[in-house]
>>> print(open('input-v5.pdb').read())   # PDB, C-alpha atoms
ATOM      1  CA  MET A  66       0.245   3.467 -20.657
ATOM      2  CA  ASP A  67       3.010   0.985 -21.490
ATOM      3  CA  ASN A  68       6.027   2.866 -20.135
ATOM      4  CA  CYS A  69       4.454   4.525 -17.103
ATOM      5  CA  LEU A  70       6.104   3.501 -13.838
ATOM      6  CA  PHE A  71       2.960   4.086 -11.778
ATOM      7  CA  CYS A  72       0.728   2.207 -14.236
ATOM      8  CA  LYS A  73       3.095  -0.758 -13.898
ATOM      9  CA  ILE A  74       3.031  -0.524 -10.096
ATOM     10  CA  ALA A  75      -0.792  -0.404 -10.041
ATOM     11  CA  ALA A  76      -0.913  -3.410 -12.396
ATOM     12  CA  GLY A  77       1.392  -5.410 -10.100
ATOM     13  CA  GLN A  78       4.195  -5.552 -12.672
ATOM     14  CA  ILE A  79       6.553  -3.712 -10.307
ATOM     15  CA  PRO A  80       6.505  -4.514  -6.578
ATOM     16  CA  SER A  81       5.353  -1.887  -4.083
ATOM     17  CA  ASP A  82       4.464  -1.614  -0.419
ATOM     18  CA  LYS A  83       0.704  -1.414  -0.980
ATOM     19  CA  VAL A  84      -1.415   0.264   1.688
ATOM     20  CA  TYR A  85      -4.741   0.583  -0.152
ATOM     21  CA  GLU A  86      -6.480  -0.373  -3.354
ATOM     22  CA  ASP A  87      -9.913  -0.384  -4.892
ATOM     23  CA  ASP A  88     -11.260  -0.424  -8.446
ATOM     24  CA  SER A  89     -10.179   3.174  -9.135
ATOM     25  CA  VAL A  90      -7.229   3.877  -6.825
ATOM     26  CA  TYR A  91      -3.937   2.315  -5.780
ATOM     27  CA  ALA A  92      -1.789   3.590  -2.894
ATOM     28  CA  PHE A  93       1.683   2.596  -1.755
ATOM     29  CA  ARG A  94       4.533   3.796   0.452
ATOM     30  CA  ASP A  95       7.042   6.133  -1.172
ATOM     31  CA  ILE A  96      10.493   4.531  -1.582
ATOM     32  CA  ASN A  97      12.145   7.846  -0.627
ATOM     33  CA  PRO A  98       9.967   9.074   2.248
ATOM     34  CA  GLN A  99      10.052  12.745   3.161
ATOM     35  CA  ALA A 100       8.096  12.208   6.398
ATOM     36  CA  PRO A 101       7.496   9.295   8.796
ATOM     37  CA  VAL A 102       4.339   8.547   6.780
ATOM     38  CA  HIS A 103       4.719   9.161   3.045
ATOM     39  CA  ILE A 104       2.203   7.431   0.813
ATOM     40  CA  LEU A 105       1.477   7.938  -2.880
ATOM     41  CA  VAL A 106      -2.135   7.732  -4.040
ATOM     42  CA  ILE A 107      -2.675   7.226  -7.768
ATOM     43  CA  PRO A 108      -5.682   6.714  -9.994
ATOM     44  CA  ARG A 109      -5.530   3.378 -11.814
ATOM     45  CA  LYS A 110      -6.413   5.194 -15.023
ATOM     46  CA  HIS A 111      -3.403   6.928 -16.549
ATOM     47  CA  ILE A 112      -3.799  10.677 -16.117
ATOM     48  CA  PRO A 113      -0.558  12.599 -16.695
ATOM     49  CA  SER A 114      -1.095  15.313 -14.049
ATOM     50  CA  LEU A 115      -3.699  17.690 -12.678
ATOM     51  CA  ASP A 116      -3.480  19.487 -16.021
ATOM     52  CA  GLY A 117      -4.700  16.263 -17.678
ATOM     53  CA  ILE A 118      -7.855  15.667 -15.648
ATOM     54  CA  GLY A 119     -10.121  16.697 -18.519
ATOM     55  CA  ASP A 120     -10.443  13.030 -19.561
ATOM     56  CA  ALA A 121     -11.045  11.801 -16.016
ATOM     57  CA  SER A 122     -14.497  11.353 -14.561
ATOM     58  CA  ASP A 123     -15.549  13.165 -11.434
ATOM     59  CA  GLN A 124     -15.920   9.735  -9.813
ATOM     60  CA  GLU A 125     -12.288   8.813 -10.582
ATOM     61  CA  LEU A 126     -11.027  12.040  -9.046
ATOM     62  CA  ALA A 127     -13.337  11.830  -6.039
ATOM     63  CA  SER A 128     -12.158   8.257  -5.455
ATOM     64  CA  CYS A 129      -8.605   9.538  -4.995
ATOM     65  CA  LEU A 130      -9.712  12.100  -2.424
ATOM     66  CA  ARG A 131     -11.867   9.610  -0.532
ATOM     67  CA  ALA A 132      -8.967   7.143  -0.508
ATOM     68  CA  ILE A 133      -6.689   9.810   0.966
ATOM     69  CA  ARG A 134      -9.073  10.292   3.887
ATOM     70  CA  THR A 135      -9.372   6.524   4.425
ATOM     71  CA  ILE A 136      -5.600   5.991   4.293
ATOM     72  CA  ALA A 137      -4.928   8.860   6.702
ATOM     73  CA  GLY A 138      -7.274   7.176   9.183
ATOM     74  CA  GLN A 139      -5.642   3.770   8.692
ATOM     75  CA  GLU A 140      -2.230   5.341   9.299
ATOM     76  CA  GLY A 141      -3.358   7.056  12.501
ATOM     77  CA  LEU A 142      -2.801  10.582  11.199
ATOM     78  CA  ASN A 143      -5.286  11.954  13.726
ATOM     79  CA  HIS A 144      -3.442  15.244  14.270
ATOM     80  CA  GLY A 145      -3.255  16.142  10.601
ATOM     81  CA  TYR A 146      -1.427  15.447   7.380
ATOM     82  CA  ARG A 147      -0.386  17.210   4.211
ATOM     83  CA  VAL A 148      -1.535  16.318   0.685
ATOM     84  CA  VAL A 149       0.640  17.437  -2.236
ATOM     85  CA  SER A 150       0.348  16.958  -5.985
ATOM     86  CA  ASN A 151       3.209  18.286  -8.102
ATOM     87  CA  CYS A 152       2.147  19.322 -11.590
ATOM     88  CA  GLY A 153       4.744  19.575 -14.344
ATOM     89  CA  PRO A 154       8.520  19.926 -14.473
ATOM     90  CA  ASP A 155       8.704  23.318 -12.718
ATOM     91  CA  ALA A 156       6.976  21.712  -9.722
ATOM     92  CA  CYS A 157       9.383  18.727  -9.865
ATOM     93  CA  GLN A 158       6.773  16.175 -10.931
ATOM     94  CA  SER A 159       9.070  13.177 -11.395
ATOM     95  CA  VAL A 160       6.538  10.649 -12.715
ATOM     96  CA  PRO A 161       4.046  11.827 -15.352
ATOM     97  CA  HIS A 162       1.044  10.110 -13.749
ATOM     98  CA  LEU A 163      -1.302  12.031 -11.466
ATOM     99  CA  HIS A 164      -0.427  11.248  -7.870
ATOM    100  CA  PHE A 165      -1.026  12.659  -4.442
ATOM    101  CA  HIS A 166       1.552  12.514  -1.649
ATOM    102  CA  ILE A 167       0.168  11.966   1.844
ATOM    103  CA  LEU A 168       2.752  13.264   4.312
ATOM    104  CA  GLY A 169       2.347  12.957   8.061
ATOM    105  CA  GLY A 170       3.409  11.435  11.310
ATOM    106  CA  THR A 171       5.284  14.563  12.433
ATOM    107  CA  GLN A 172       4.760  18.291  12.911
ATOM    108  CA  MET A 173       5.091  19.861   9.465
ATOM    109  CA  ALA A 174       6.883  23.137   8.862
ATOM    110  CA  ASP A 175       4.468  25.997   8.300
ATOM    111  CA  ARG A 176       6.269  27.224   5.194
ATOM    112  CA  MET A 177       6.595  25.856   1.717
ATOM    113  CA  ALA A 178      10.010  24.659   0.541
TER     114      ALA A 178
END
>>> encode(input="input-v5.pdb", output="structure tokens")
Amino acid sequence: MDNCLFCKIAAGQIPSDKVYEDDSVYAFRDINPQAPVHILVIPRKHIPSLDGIGDASDQELASCLRAIRTIAGQEGLNHGYRVVSNCGPDACQSVPHLHFHILGGTQMADRMA
């Protein structure tokens, strides 16, 4: 998608602090971290949100989840981490491209904000 920020980041048109990439997935550090480790994992294919996964293959979606596990290991998140995907404006999804936040490196609160 031409105007999608995350598509441009995955294509290398906008710089990012890359932590992982493969044929299906790109992951980079969030520029406004909410935890000591805050990484965004995105599919390379433009998918607007979880509500838009109907056009995605099971392999593309599974690749994101496998990448999350790999990245958590690389980052030393041995005591746990949180994975969040905001879906739509009421959930404060700020970029309309499916993405997963990996949050870790500290004890998380046991309540939702």
>>> closest_residue(input="input-v5.pdb", among="A:Ser89, A:Asp155, A:Ile96, A:Pro113", to="Leu126 of chain A", atoms="only C-alpha atoms")
A:Ser89
>>> closest_residue(input="input-v5.pdb", among="A:Cys69, A:Leu130, A:Leu168, A:Cys157", to="Lys110 of chain A", atoms="only C-alpha atoms")
A:Cys69
>>> axis_aligned_box(input="input-v5.pdb", around="segment 74-79 of chain A", padding_each_side="4 Å", output="AutoDock Vina command-line options")
--center_x 2.8 --center_y -3.0 --center_z -11.4 --size_x 15.5 --size_y 13.1 --size_z 10.6
>>> residues_near_point(input="input-v5.pdb", point="(-6.1, 12.6, -5.0)", cutoff="7 Å", atoms="all atoms listed in the file", output="list of chain:residue names")
A:Val106, A:Ile107, A:Leu126, A:Cys129, A:Leu130, A:Ile133, A:His164, A:Phe165
>>> write_last_selection(input="input-v5.pdb", atoms="C-alpha atoms", output="short mmCIF file (atom, residue, chain, number, x, y, z; two decimals), in the coordinates of the input")
data_model
loop_
_atom_site.label_atom_id
_atom_site.label_comp_id
_atom_site.auth_asym_id
_atom_site.auth_seq_id
_atom_site.Cartn_x
_atom_site.Cartn_y
_atom_site.Cartn_z
CA VAL A 106 -2.13 7.73 -4.04
CA ILE A 107 -2.68 7.23 -7.77
CA LEU A 126 -11.03 12.04 -9.05
CA CYS A 129 -8.60 9.54 -5.00
CA LEU A 130 -9.71 12.10 -2.42
CA ILE A 133 -6.69 9.81 0.97
CA HIS A 164 -0.43 11.25 -7.87
CA PHE A 165 -1.03 12.66 -4.44
#
>>> closest_residue(input="input-v5.pdb", among="A:Asp88, A:Glu125, A:Asp82, A:Asp175", to="Leu105 of chain A", atoms="all atoms listed in the file")
A:Asp82
>>> closest_residue(input="input-v5.pdb", among="A:Pro108, A:Pro154, A:Ala92, A:Asn143", to="Asp123 of chain A", atoms="only C-alpha atoms")
A:Pro108
>>> residues_near_point(input="input-v5.pdb", point="(1.8, 0.7, -15.1)", cutoff="12 Å", atoms="only C-alpha atoms", output="list in words")
Met66, Asp67, Asn68, Cys69, Leu70, Phe71, Cys72, Lys73, Ile74, Ala75, Ala76, Gly77, Gln78, Ile79, Pro80, Ser81, Tyr91, Ile107, Pro108, Arg109, Lys110, His111, Ile112, Val160, Pro161 and His162 of chain A
>>> residues_around(input="input-v5.pdb", residues="Ala100 of chain A", least_positions_apart="6", cutoff="8 Å", atoms="all atoms listed in the file", output="PDB file with C-alpha atoms, in the frame of the given file")
ATOM      1  CA  LEU A 168       2.752  13.264   4.312  1.00  0.00           C
ATOM      2  CA  GLY A 169       2.347  12.957   8.061  1.00  0.00           C
ATOM      3  CA  GLY A 170       3.409  11.435  11.310  1.00  0.00           C
ATOM      4  CA  THR A 171       5.284  14.563  12.433  1.00  0.00           C
TER       5      THR A 171
END
>>> closest_residue(input="input-v5.pdb", among="A:Val90, A:Ala156, A:Arg147, A:Pro98", to="Ala127 of chain A", atoms="all atoms listed in the file")
A:Val90
>>> atom_distance(input="input-v5.pdb", atom1="atom CA of Arg94 of chain A", atom2="atom CA of Leu115 of chain A")
20.8 Å
>>> closest_residue(input="input-v5.pdb", among="A:Leu163, A:Met173, A:Ile118, A:Ala132", to="His144 of chain A", atoms="only C-alpha atoms")
A:Met173
>>> atom_distance(input="input-v5.pdb", atom1="atom CA of Val102 of chain A", atom2="atom CA of Glu86 of chain A")
17.3 Å
>>> atom_distance(input="input-v5.pdb", atom1="atom CA of Ala137 of chain A", atom2="atom CA of Phe93 of chain A")
12.4 Å
